[in-house]
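Dropping query_39.cif in here (mmCIF, C-alpha atoms):
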data_input
#
loop_
_atom_site.label_atom_id
_atom_site.label_comp_id
_atom_site.auth_asym_id
_atom_site.auth_seq_id
_atom_site.Cartn_x
_atom_site.Cartn_y
_atom_site.Cartn_z
CA MET V 1 -7.99 8.81 -5.08
CA MET V 2 -6.56 12.32 -5.34
CA ILE V 3 -2.87 12.73 -4.45
CA SER V 4 -0.91 15.92 -3.91
CA CYS V 5 2.67 16.62 -2.87
CA LYS V 6 2.77 20.42 -2.96
CA ASN V 7 4.84 21.95 -0.12
CA LEU V 8 5.48 18.48 1.28
CA ASN V 9 8.51 18.24 3.58
CA LEU V 10 9.33 14.60 4.19
CA ASP V 11 11.46 13.20 7.00
CA ILE V 12 11.47 9.48 6.35
CA LYS V 13 13.57 6.37 6.75
CA ALA V 14 14.26 4.32 3.64
CA PRO V 15 12.68 0.86 3.90
CA LEU V 16 14.92 -2.15 4.33
CA SER V 17 16.36 -3.51 1.12
CA LYS V 18 14.12 -6.19 -0.37
CA SER V 19 17.05 -7.51 -2.37
CA VAL V 20 19.24 -8.02 0.70
CA CYS V 21 16.39 -9.32 2.84
CA HIS V 22 15.29 -11.99 0.31
CA ARG V 23 18.85 -13.31 0.19
CA GLU V 24 19.46 -13.25 3.93
CA LEU V 25 16.21 -15.10 4.60
CA ILE V 26 17.01 -17.83 2.09
CA VAL V 27 20.68 -18.23 3.04
CA ASN V 28 19.81 -18.35 6.74
CA PHE V 29 17.18 -20.99 6.00
CA ILE V 30 19.34 -23.29 3.87
CA LEU V 31 22.16 -23.09 6.41
CA GLY V 32 19.85 -24.18 9.22
CA ALA V 33 19.51 -20.95 11.16
CA ARG V 34 17.53 -21.10 14.35
CA GLY V 35 15.27 -18.44 15.80
CA ASP V 36 12.13 -16.70 14.66
CA PHE V 37 13.47 -14.98 11.55
CA LEU V 38 10.65 -16.46 9.43
CA ASN V 39 7.93 -14.95 11.61
CA GLY V 40 5.96 -12.09 10.18
CA SER V 41 6.79 -8.48 11.03
CA GLU V 42 4.79 -5.28 10.62
CA ASP V 43 7.77 -3.90 8.68
CA ASP V 44 7.47 -6.61 6.01
CA ASN V 45 6.33 -5.64 2.54
CA ASP V 46 4.26 -8.02 0.41
CA ASP V 47 7.28 -9.52 -1.39
CA ILE V 48 9.15 -10.35 1.82
CA ARG V 49 5.98 -11.89 3.24
CA ALA V 50 5.88 -14.12 0.15
CA THR V 51 9.44 -15.36 0.60
CA LYS V 52 8.90 -16.02 4.31
CA SER V 53 5.70 -17.90 3.50
CA CYS V 54 7.48 -20.12 0.96
CA LEU V 55 10.31 -20.93 3.36
CA ARG V 56 7.84 -21.82 6.12
CA ALA V 57 6.00 -24.07 3.66
CA LEU V 58 9.26 -25.93 2.92
CA GLU V 59 10.03 -26.18 6.62
CA ASP V 60 6.63 -27.69 7.39
CA ALA V 61 6.27 -29.87 4.27
CA GLN V 62 5.05 -33.38 5.06
CA THR V 63 3.29 -34.36 1.84
CA GLU V 64 4.39 -35.19 -1.70
CA ALA V 65 2.90 -31.89 -2.95
CA VAL V 66 4.19 -28.66 -1.42
CA THR V 67 2.35 -25.40 -2.08
CA LEU V 68 4.38 -22.20 -2.08
CA ASN V 69 2.56 -18.87 -2.43
CA CYS V 70 4.69 -16.30 -4.28
CA ASN V 71 1.87 -13.75 -4.57
CA GLU V 72 3.22 -11.23 -7.16
CA SER V 73 6.91 -11.51 -6.28
CA GLY V 74 9.12 -12.38 -9.23
CA SER V 75 12.17 -12.53 -6.95
CA THR V 76 10.48 -15.06 -4.69
CA LEU V 77 9.47 -17.29 -7.61
CA ARG V 78 12.82 -17.27 -9.41
CA PHE V 79 14.82 -17.76 -6.22
CA MET V 80 12.56 -20.41 -4.72
CA ILE V 81 12.21 -22.78 -7.69
CA PRO V 82 15.86 -23.96 -7.55
CA VAL V 83 16.09 -23.53 -3.76
CA ALA V 84 12.98 -25.64 -3.14
CA LEU V 85 14.27 -28.30 -5.54
CA ALA V 86 17.53 -28.47 -3.60
CA VAL V 87 15.96 -28.47 -0.15
CA LYS V 88 13.18 -30.93 -0.97
CA SER V 89 14.99 -33.15 -3.43
CA GLU V 90 12.76 -36.25 -3.29
CA ALA V 91 12.19 -37.45 -6.86
CA ASN V 92 8.42 -37.78 -6.44
CA ARG V 93 7.92 -34.37 -4.87
CA THR V 94 5.69 -31.84 -6.67
CA LEU V 95 6.16 -28.15 -5.96
CA VAL V 96 3.15 -25.94 -6.64
CA PHE V 97 3.93 -22.23 -6.85
CA LYS V 98 0.85 -20.02 -6.46
CA THR V 99 0.95 -16.66 -8.25
CA ASN V 100 -1.09 -13.47 -8.47
CA GLY V 101 -1.27 -10.54 -10.85
CA ARG V 102 1.04 -10.63 -13.85
CA LEU V 103 3.53 -13.05 -12.30
CA ILE V 104 2.22 -16.11 -14.18
CA ASP V 105 3.10 -14.36 -17.46
CA ARG V 106 6.56 -13.18 -16.48
CA PRO V 107 9.41 -15.21 -18.02
CA ILE V 108 10.94 -18.31 -16.42
CA GLU V 109 11.70 -20.13 -19.68
CA GLU V 110 15.46 -19.61 -19.30
CA LEU V 111 15.37 -21.26 -15.88
CA SER V 112 13.22 -24.08 -17.21
CA ASP V 113 15.66 -24.74 -20.07
CA CYS V 114 18.58 -24.72 -17.63
CA LEU V 115 17.01 -27.30 -15.29
CA LYS V 116 15.53 -29.55 -17.98
CA PRO V 117 18.74 -31.63 -18.48
CA PHE V 118 18.50 -32.62 -14.80
CA GLY V 119 14.98 -33.97 -15.26
CA VAL V 120 13.14 -30.95 -13.86
CA VAL V 121 9.83 -30.13 -15.54
CA ILE V 122 8.22 -26.70 -15.06
CA THR V 123 4.61 -26.29 -16.21
CA LYS V 124 2.48 -23.14 -16.14
CA ASP V 125 -1.25 -23.45 -15.50
CA ARG V 126 -2.56 -19.97 -16.32
CA GLU V 127 -6.16 -20.86 -15.54
CA ALA V 128 -5.23 -21.85 -11.97
CA ASN V 129 -2.48 -19.20 -11.66
CA GLU V 130 -0.06 -21.97 -10.68
CA ILE V 131 3.36 -23.17 -11.74
CA LYS V 132 4.07 -26.84 -11.10
CA VAL V 133 7.61 -28.11 -10.74
CA THR V 134 8.67 -31.76 -10.58
CA GLY V 135 12.06 -33.45 -10.39
CA ASN V 136 15.12 -32.55 -8.37
CA ILE V 137 18.54 -31.03 -8.80
CA GLU V 138 22.00 -32.20 -7.84
CA PRO V 139 25.57 -30.86 -7.95
CA GLY V 140 26.77 -30.35 -11.51
CA ARG V 141 27.21 -27.90 -14.35
CA TYR V 142 24.29 -25.58 -15.07
CA VAL V 143 24.14 -23.49 -18.23
CA ILE V 144 21.70 -20.58 -18.26
CA ASP V 145 20.87 -17.56 -20.40
CA GLY V 146 21.49 -14.59 -18.12
CA SER V 147 20.27 -11.83 -20.44
CA VAL V 148 16.71 -11.75 -19.08
CA SER V 149 17.14 -11.86 -15.30
CA SER V 150 19.96 -12.06 -12.77
CA GLN V 151 17.49 -13.72 -10.38
CA TYR V 152 17.91 -17.06 -12.15
CA ILE V 153 21.62 -17.02 -11.37
CA SER V 154 21.15 -15.88 -7.78
CA GLY V 155 18.61 -18.63 -7.18
CA LEU V 156 20.97 -21.26 -8.57
CA LEU V 157 23.93 -20.00 -6.51
CA MET V 158 21.93 -20.23 -3.31
CA ALA V 159 20.40 -23.60 -4.19
CA LEU V 160 23.69 -25.24 -5.18
CA SER V 161 25.30 -24.14 -1.92
CA CYS V 162 23.10 -26.77 -0.25
CA PHE V 163 25.26 -29.61 -1.59
CA ASP V 164 28.56 -31.06 -0.42
CA LYS V 165 30.04 -31.20 -3.93
CA GLU V 166 31.16 -28.35 -6.17
CA SER V 167 28.87 -27.01 -8.89
CA VAL V 168 29.37 -24.60 -11.76
CA VAL V 169 26.91 -22.06 -13.18
CA GLU V 170 27.82 -20.99 -16.72
CA VAL V 171 26.04 -17.88 -17.95
CA THR V 172 25.43 -17.30 -21.65
CA GLY V 173 24.00 -14.24 -23.37
CA GLY V 174 25.59 -11.80 -20.93
CA VAL V 175 24.81 -11.08 -17.29
CA ALA V 176 21.90 -8.72 -16.61
CA SER V 177 21.96 -6.58 -13.45
CA VAL V 178 25.28 -7.96 -12.24
CA HIS V 179 25.06 -5.94 -9.00
CA TYR V 180 22.25 -8.20 -7.81
CA ILE V 181 24.44 -11.26 -8.31
CA GLU V 182 27.13 -9.53 -6.26
CA LEU V 183 24.58 -9.13 -3.46
CA THR V 184 23.96 -12.89 -3.55
CA ILE V 185 27.67 -13.72 -3.51
CA ALA V 186 28.13 -11.34 -0.56
CA ALA V 187 25.25 -12.95 1.35
CA LEU V 188 26.79 -16.42 0.90
CA ALA V 189 30.33 -15.22 1.71
CA LYS V 190 29.09 -13.77 4.99
CA TYR V 191 28.63 -17.34 6.25
CA GLY V 192 31.72 -18.87 4.67
CA ILE V 193 30.43 -19.95 1.24
CA ILE V 194 32.88 -18.40 -1.20
CA VAL V 195 31.61 -18.35 -4.78
CA GLU V 196 34.40 -17.80 -7.31
CA ARG V 197 33.69 -15.92 -10.51
CA GLU V 198 35.73 -16.34 -13.67
CA GLY V 199 34.17 -14.20 -16.39
CA ASP V 200 30.65 -15.55 -16.86
CA MET V 201 31.40 -18.72 -14.89
CA PHE V 202 30.48 -19.07 -11.21
CA LYS V 203 31.92 -21.88 -9.08
CA VAL V 204 29.90 -22.86 -6.01
CA PRO V 205 31.98 -24.85 -3.50
CA GLY V 206 30.78 -27.99 -1.82
CA ARG V 207 29.61 -27.40 1.73
CA THR V 208 32.18 -28.11 4.43
CA SER V 209 32.29 -28.06 8.21
CA ASP V 210 33.79 -24.55 8.03
CA ILE V 211 30.42 -23.10 7.09
CA LYS V 212 29.08 -20.77 9.76
CA VAL V 213 25.59 -21.67 10.97
CA PRO V 214 23.73 -18.35 11.27
CA ASP V 215 21.55 -17.57 14.26
CA GLY V 216 18.74 -15.93 12.26
CA ASN V 217 19.69 -12.44 13.44
CA PHE V 218 20.86 -10.35 10.52
CA GLU V 219 20.89 -6.68 9.63
CA VAL V 220 19.47 -5.35 6.39
CA GLU V 221 20.57 -2.02 4.94
CA GLY V 222 18.26 0.57 3.46
CA ASP V 223 16.83 0.00 0.00
CA TRP V 224 18.31 2.08 -2.82
CA SER V 225 15.43 1.30 -5.20
CA ASN V 226 12.97 3.09 -2.92
CA GLY V 227 15.68 5.50 -1.81
CA ALA V 228 15.97 6.55 -5.46
CA PHE V 229 12.25 7.33 -5.51
CA LEU V 230 12.54 9.43 -2.35
CA LEU V 231 15.53 11.37 -3.67
CA CYS V 232 13.74 12.12 -6.94
CA LEU V 233 10.64 13.13 -4.98
CA GLY V 234 12.55 15.60 -2.86
CA SER V 235 14.09 17.16 -5.97
CA LEU V 236 10.68 17.67 -7.61
CA ILE V 237 8.40 18.85 -4.77
CA HIS V 238 7.26 22.44 -5.27
CA GLY V 239 8.41 24.34 -2.20
CA GLY V 240 9.25 21.11 -0.40
CA SER V 241 12.06 18.74 0.47
CA ALA V 242 12.93 15.24 1.60
CA LYS V 243 15.25 14.08 4.36
CA ILE V 244 15.99 10.38 3.94
CA THR V 245 17.83 8.26 6.49
CA GLY V 246 19.12 4.71 6.32
CA LEU V 247 20.90 4.78 2.94
CA ASN V 248 24.43 3.36 2.73
CA GLU V 249 26.43 5.35 0.18
CA ASN V 250 28.97 2.49 0.03
CA SER V 251 26.34 -0.13 -0.79
CA VAL V 252 26.83 -2.52 -3.71
CA GLN V 253 23.14 -2.15 -4.62
CA GLY V 254 23.03 -1.14 -8.25
CA ASP V 255 20.23 1.38 -7.83
CA LYS V 256 22.64 3.63 -5.95
CA ALA V 257 23.32 4.83 -9.51
CA ILE V 258 20.49 7.31 -8.92
CA LEU V 259 23.10 9.59 -7.33
CA HIS V 260 24.99 9.73 -10.64
CA PHE V 261 21.76 10.44 -12.51
CA LEU V 262 20.78 13.26 -10.15
CA LYS V 263 24.14 14.93 -10.68
CA LEU V 264 23.63 14.68 -14.44
CA ALA V 265 20.18 16.21 -13.95
CA ASN V 266 21.63 19.23 -12.11
CA VAL V 267 20.05 18.14 -8.82
CA THR V 268 22.03 18.97 -5.70
CA TYR V 269 21.79 16.95 -2.50
CA LEU V 270 23.52 16.94 0.86
CA SER V 271 24.69 13.76 2.55
CA GLU V 272 26.19 12.92 5.91
CA GLY V 273 26.58 9.33 7.03
CA ASP V 274 23.34 7.56 6.13
CA ILE V 275 21.35 10.80 5.84
CA PHE V 276 20.48 12.50 2.55
CA PHE V 277 18.70 15.82 2.09
CA VAL V 278 17.33 17.08 -1.24
CA GLN V 279 14.92 19.85 -2.16
CA ASP V 280 13.21 21.44 -5.16
CA SER V 281 16.04 21.90 -7.66
CA VAL V 282 14.20 23.83 -10.37
CA ARG V 283 16.29 26.94 -9.71
CA ASN V 284 19.41 24.98 -10.67
CA GLY V 285 18.40 25.31 -14.30
CA ILE V 286 17.47 22.91 -17.10
CA ARG V 287 20.06 20.68 -18.75
CA GLU V 288 20.27 20.50 -22.53
CA LYS V 289 20.48 16.70 -22.62
CA LEU V 290 20.40 13.76 -20.23
CA GLU V 291 21.51 10.35 -21.49
CA ILE V 292 22.10 7.21 -19.45
CA ASP V 293 22.28 3.42 -19.96
CA CYS V 294 19.67 1.76 -17.74
CA SER V 295 20.45 -1.88 -18.56
CA ASP V 296 21.49 -2.70 -14.99
CA ILE V 297 19.01 -0.43 -13.19
CA PRO V 298 15.56 -1.12 -14.70
CA ASP V 299 13.64 -0.66 -11.44
CA ILE V 300 14.43 3.06 -11.17
CA VAL V 301 13.80 3.98 -14.82
CA PRO V 302 10.26 5.30 -14.10
CA TYR V 303 11.70 7.71 -11.53
CA MET V 304 14.47 8.86 -13.86
CA ALA V 305 11.93 9.34 -16.65
CA VAL V 306 9.73 11.67 -14.60
CA THR V 307 12.71 13.55 -13.15
CA GLY V 308 14.34 13.91 -16.57
CA ALA V 309 11.11 15.24 -18.09
CA PHE V 310 11.32 18.26 -15.79
CA ARG V 311 15.10 18.66 -15.60
CA ALA V 312 16.34 18.42 -19.20
CA LYS V 313 15.29 19.54 -22.68
CA LYS V 314 15.83 15.97 -23.85
CA THR V 315 16.24 12.78 -21.77
CA ILE V 316 17.39 9.56 -23.44
CA LEU V 317 17.08 6.38 -21.39
CA LYS V 318 18.76 3.42 -23.10
CA GLY V 319 18.69 -0.30 -22.27
CA ILE V 320 15.04 -0.32 -21.18
CA LYS V 321 13.70 -3.44 -22.92
CA ARG V 322 13.53 -5.44 -19.67
CA LEU V 323 10.99 -2.93 -18.35
CA ARG V 324 8.41 -4.68 -20.49
CA ILE V 325 8.49 -7.87 -18.36
CA LYS V 326 8.03 -6.34 -14.92
CA GLU V 327 4.82 -6.15 -12.85
CA SER V 328 3.52 -4.07 -15.74
CA ASP V 329 4.97 -3.10 -19.09
CA ARG V 330 6.76 -0.19 -17.49
CA ALA V 331 8.14 1.10 -20.77
CA ALA V 332 4.61 1.56 -22.13
CA ALA V 333 3.24 2.67 -18.77
CA ILE V 334 5.72 5.51 -18.21
CA THR V 335 5.27 6.62 -21.84
CA GLN V 336 1.51 6.84 -21.29
CA MET V 337 1.92 8.56 -17.91
CA LEU V 338 4.15 11.34 -19.20
CA SER V 339 1.93 11.75 -22.26
CA GLU V 340 -1.02 12.38 -19.91
CA LEU V 341 0.97 15.31 -18.51
CA GLY V 342 1.25 16.77 -22.02
CA GLY V 343 4.71 15.35 -22.63
CA ASN V 344 6.21 14.27 -25.94
CA VAL V 345 7.65 10.77 -25.46
CA THR V 346 9.08 8.40 -28.07
CA LEU V 347 9.25 4.72 -27.15
CA GLU V 348 11.47 2.40 -29.17
CA GLU V 349 12.45 -1.21 -28.54
CA ASP V 350 15.29 -0.40 -26.15
CA THR V 351 15.12 3.38 -25.71
CA ILE V 352 12.79 6.01 -24.29
CA THR V 353 13.29 9.61 -25.44
CA ILE V 354 11.52 12.33 -23.44
CA GLU V 355 11.17 15.98 -24.39
CA TYR V 356 11.07 18.61 -21.66
CA ILE V 357 7.59 19.14 -20.22
CA ASP V 358 6.78 22.82 -19.91
CA ARG V 359 4.37 23.33 -17.03
CA LYS V 360 2.29 25.59 -19.32
CA VAL V 361 1.16 22.54 -21.33
CA ILE V 362 0.12 20.44 -18.33
CA PRO V 363 -3.66 19.94 -18.31
CA ASP V 364 -5.73 21.05 -15.33
CA LYS V 365 -7.18 17.60 -14.80
CA ILE V 366 -4.77 14.67 -14.70
CA VAL V 367 -5.91 11.06 -14.32
CA LEU V 368 -3.22 8.39 -14.08
CA THR V 369 -3.12 4.64 -13.64
CA SER V 370 -0.61 2.68 -11.58
CA SER V 371 -1.14 -0.34 -13.87
CA GLY V 372 -1.26 -2.31 -10.61
CA ASP V 373 2.50 -1.74 -10.28
CA HIS V 374 4.15 -0.26 -7.17
CA ARG V 375 6.90 1.42 -9.22
CA MET V 376 4.33 3.10 -11.45
CA ALA V 377 2.32 4.27 -8.43
CA MET V 378 5.51 5.92 -7.17
CA ALA V 379 6.07 7.46 -10.60
CA ALA V 380 2.56 8.96 -10.35
CA VAL V 381 3.49 10.48 -6.98
CA LEU V 382 6.53 12.04 -8.69
CA CYS V 383 4.21 13.47 -11.36
CA ALA V 384 2.11 15.08 -8.63
CA ALA V 385 5.26 16.58 -7.11
CA ALA V 386 6.64 17.82 -10.44
CA THR V 387 3.40 19.43 -11.63
CA GLY V 388 2.34 20.83 -8.25
CA LYS V 389 -1.18 19.65 -9.04
CA GLU V 390 -3.63 17.23 -7.54
CA ILE V 391 -3.61 14.02 -9.56
CA GLU V 392 -6.23 11.33 -9.64
CA LEU V 393 -4.64 7.88 -9.25
CA ASP V 394 -6.61 4.67 -9.55
CA ASP V 395 -4.63 2.61 -7.00
CA ILE V 396 -2.12 3.55 -4.35
CA ASN V 397 -2.44 0.36 -2.31
CA CYS V 398 -0.02 -1.46 -4.63
CA LEU V 399 2.74 0.50 -2.82
CA ASP V 400 2.45 -2.20 -0.15
CA LYS V 401 4.40 -4.51 -2.44
CA SER V 402 7.65 -2.74 -1.56
CA PHE V 403 7.03 0.41 0.50
CA PRO V 404 3.86 0.27 2.65
CA GLU V 405 5.24 2.87 5.05
CA PHE V 406 5.33 5.55 2.36
CA ARG V 407 1.65 5.07 1.57
CA LYS V 408 0.83 5.69 5.24
CA VAL V 409 3.09 8.74 5.39
CA LEU V 410 1.65 10.24 2.21
CA LEU V 411 -1.94 9.77 3.33
CA LYS V 412 -1.13 11.29 6.72
CA GLU V 413 0.59 14.32 5.15
CA MET V 414 -2.26 14.92 2.72
CA ALA V 415 -4.75 14.77 5.60
CA VAL V 416 -3.01 17.56 7.53
#
Turn the structure described in the file into structure tokens.
Amino acid sequence: MMISCKNLNLDIKAPLSKSVCHRELIVNFILGARGDFLNGSEDDNDDIRATKSCLRALEDAQTEAVTLNCNESGSTLRFMIPVALAVKSEANRTLVFKTNGRLIDRPIEELSDCLKPFGVVITKDREANEIKVTGNIEPGRYVIDGSVSSQYISGLLMALSCFDKESVVEVTGGVASVHYIELTIAALAKYGIIVEREGDMFKVPGRTSDIKVPDGNFEVEGDWSNGAFLLCLGSLIHGGSAKITGLNENSVQGDKAILHFLKLANVTYLSEGDIFFVQDSVRNGIREKLEIDCSDIPDIVPYMAVTGAFRAKKTILKGIKRLRIKESDRAAAITQMLSELGGNVTLEEDTITIEYIDRKVIPDKIVLTSSGDHRMAMAAVLCAAATGKEIELDDINCLDKSFPEFRKVLLKEMAV
């Protein structure tokens, strides 16, 4: 379909944070919350629907084989493997995780190696798009490589809080995206489970009677991953702007780092409370060089790449190797996308270098692919905003994975 953002003036609420919502749902479930918090809602994105579906499957499980449908959600899969093992700990229980898209190929080897000493076996069946898990877990000492994903650690912390004895999670290889682990620790602490961190060691206390049983009613703050996209969009729209509500400037979400990046990129924004306003910043001038370490913020790299391409003579994004194992190979995908605009992009193992894209070199006809990835579909929208042109995009429906409301808003605005 053809997408255009020229003269677009958005007034939109940031969607609820997927990261916070996943954790609240799981923690409420394992602590025995009552209420209808697992029911579907029209505000749910595809990933939250997947986590709710898996938790309902555990709640209703009556057979030796439990099927949990993760769809394309890597968070759901990595959280739910240890959580399901803790909740349904019968030795003869088989957990069958259904997957879609690229999820079957995304890494879980580090989690498998961590759980193997406890007798857990994880087997991928690529033909059936299934991951089978057998065995159970118990309180103890878990050693895991944290360099690939923080989600392994978060899943373990939540799972081990099910037990009445203390456990320890020892992380080797460094901790990736530590802010996401902090979100997990905060979600547990909210109900009285205090995880202690000593360097790369996390101590999970045994459950006591002091634990607060939640009622299933919890608030979720706005999502900074999608908020980052909206802020970048507002800064790039020709003759347009974006007013975004629902973003907590004091959030511990790591993707709040977009504010630092925008300042580096000479983008001005106004904020008051949970409201942010940003508009076309081209008149602010072009920076000579933009350089930032993206190791802890991989999800917003595509947005920074597009923004940097039109805001600096040279943009250097370091620490990007984990982009290769997302819903698409985002490192390759953003390189291809900017190249289609006439950009000069150099992709190395852990760095993307982007030369300034002069609008004079942008071709009249631009055809982009989302690679079936919601983040890349949003990056394509940013390209439409930055170029001021209509762009042909193969798939915009993948936005439903994290931000279905934006797809509806964009289609409505383009129809006006």
Two-atom distance - CA of Lys13 in chain V, CA of Ala384 in chain V (Å) |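 Interatomic distance, CA of Lys13 in chain V to CA of Ala384 in chain V: 21.1 Å.
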Convert the output of the PyMOL selection byres ((chain V and resi 230) around 9) on the shown file into explicit residues, formatted as a tab-separated table (two decimals) with C-alpha atoms, in the coordinates of the input.
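Resulting contents of result.tsv:
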chain	number	residue	atom	x	y	z
V	10	LEU	CA	9.33	14.60	4.19
V	12	ILE	CA	11.47	9.48	6.35
V	14	ALA	CA	14.26	4.32	3.64
V	226	ASN	CA	12.97	3.09	-2.92
V	227	GLY	CA	15.68	5.50	-1.81
V	228	ALA	CA	15.97	6.55	-5.46
V	229	PHE	CA	12.25	7.33	-5.51
V	231	LEU	CA	15.53	11.37	-3.67
V	232	CYS	CA	13.74	12.12	-6.94
V	233	LEU	CA	10.64	13.13	-4.98
V	234	GLY	CA	12.55	15.60	-2.86
V	235	SER	CA	14.09	17.16	-5.97
V	242	ALA	CA	12.93	15.24	1.60
V	243	LYS	CA	15.25	14.08	4.36
V	244	ILE	CA	15.99	10.38	3.94
Hey, which of V:Gly343, V:Gly119, V:Pro205, V:Pro107 ends up closest to Val133 in chain V? Count all atoms listed in the file.
-> V:Gly119
Would you kindly translate the PyMOL selection byres ((chain V and resi 188) around 10) into the concrete residues it picks from this file, as a list in words?
->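 That selection, the PyMOL selection byres ((chain V and resi 188) around 10), comes back as Arg23, Glu24, Ile26, Val27, Asn28, Leu31, Leu157, Met158, Ser161, Glu182, Leu183, Thr184, Ile185, Ala186, Ala187, Ala189, Lys190, Tyr191, Gly192, Ile193, Ile194, Val195, Val204 and Ile211 of chain V.
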Skip range 390-393 of chain V itself and residues of its chain fewer than 4 positions away, then list as a PyMOL selection string all residues within 7 Å of it, counting all atoms listed in the file.
-> chain V and resi 1-4+366-370+384
Scan for residues within 12 Å of the point (17.1, 4.5, -19.9) in the coordinates of the file, using only C-alpha atoms, and reply as number ranges by chain.
-> V: 258, 261, 290-306, 308, 315-323, 330-331, 334, 347-354
With only C-alpha atoms counted, which protein, DNA or RNA residues have an atom no more than 12 Å from (-0.7, -23.2, -17.0) in the file frame? Please answer as a tab-separated table (two decimals) with C-alpha atoms, keeping the file's coordinate frame.
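Saved file result.tsv follows:
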chain	number	residue	atom	x	y	z
V	96	VAL	CA	3.15	-25.94	-6.64
V	97	PHE	CA	3.93	-22.23	-6.85
V	98	LYS	CA	0.85	-20.02	-6.46
V	99	THR	CA	0.95	-16.66	-8.25
V	103	LEU	CA	3.53	-13.05	-12.30
V	104	ILE	CA	2.22	-16.11	-14.18
V	105	ASP	CA	3.10	-14.36	-17.46
V	122	ILE	CA	8.22	-26.70	-15.06
V	123	THR	CA	4.61	-26.29	-16.21
V	124	LYS	CA	2.48	-23.14	-16.14
V	125	ASP	CA	-1.25	-23.45	-15.50
V	126	ARG	CA	-2.56	-19.97	-16.32
V	127	GLU	CA	-6.16	-20.86	-15.54
V	128	ALA	CA	-5.23	-21.85	-11.97
V	129	ASN	CA	-2.48	-19.20	-11.66
V	130	GLU	CA	-0.06	-21.97	-10.68
V	131	ILE	CA	3.36	-23.17	-11.74
V	132	LYS	CA	4.07	-26.84	-11.10
V	133	VAL	CA	7.61	-28.11	-10.74
Residue neighbourhood range 356-358 of chain V, 8 Å, only C-alpha atoms, exclusion window fewer than 5 positions, as a list of chain:residue names | V:Gly308, V:Ala309, V:Phe310, V:Arg311, V:Ala312, V:Lys313, V:Lys314, V:Thr315, V:Leu341, V:Gly342, V:Gly343, V:Asn344
Mind pulling up the distance from CA of Arg34 in chain V to CA of Trp224 in chain V?
->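 Distance between the two atoms: 28.9 Å.
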What separation in Å, quoted to one decimal, exists between CA of Leu111 in chain V and CA of Tyr152 in chain V?
-> 6.2 Å
Kindly provide, as AutoDock Vina command-line options, the centre and edge lengths (Å, one decimal) of an axis-aligned box around all atoms of range 294-312 of chain V given in the file, with 5 Å on each side.
--center_x 15.6 --center_y 8.0 --center_z -15.2 --size_x 21.8 --size_y 31.4 --size_z 18.0
Name the residues in contact with Asn250 in chain V at a cut-off of 12 Å, using only C-alpha atoms, excluding same-chain residues fewer than 5 positions from it; report them as a PyMOL selection string.
-> chain V and resi 221-222+224+255-257+259+273-274
For the residues in the current selection, export C-alpha atoms as a compact mmCIF listing (two decimals), keeping the file's coordinate frame.
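Printed below is again.txt as written:
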# COMPACT_ATOMS: atom_id res chain seq x y z
CA GLU V 221 20.57 -2.02 4.94
CA GLY V 222 18.26 0.57 3.46
CA TRP V 224 18.31 2.08 -2.82
CA ASP V 255 20.23 1.38 -7.83
CA LYS V 256 22.64 3.63 -5.95
CA ALA V 257 23.32 4.83 -9.51
CA LEU V 259 23.10 9.59 -7.33
CA GLY V 273 26.58 9.33 7.03
CA ASP V 274 23.34 7.56 6.13
Among V:Ser251, V:Thr245, V:Gln336, V:Thr346, Ile275 in chain V is approached most closely, using all atoms listed in the file, by V:Thr245
Pick out the residues sitting within 9 Å of range 67-79 of chain V, and hand them over as a count of residues only; count only C-alpha atoms, and ignore anything fewer than 5 positions along from it in its own chain.
-> 43
What do you get, as a ChimeraX atom specification, if you spell out every residue that the PyMOL selection byres ((chain V and resi 137) around 12) selects here?
-> /V:81-91,93,114-121,133-136,138-142,156,159-163,167
Which residue of V:Asn7, V:Ser17, V:Thr387, V:Ser271 approaches Leu338 in chain V most closely, using all atoms listed in the file |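 Using all atoms listed in the file, the shortest distance to Leu338 in chain V belongs to V:Thr387.
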Pick the closest to Lys6 in chain V from V:Ser281, V:Gln253, V:Thr208, V:Ser241: which is it, counting all atoms listed in the file?
->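 The closest residue to Lys6 in chain V is V:Ser241.
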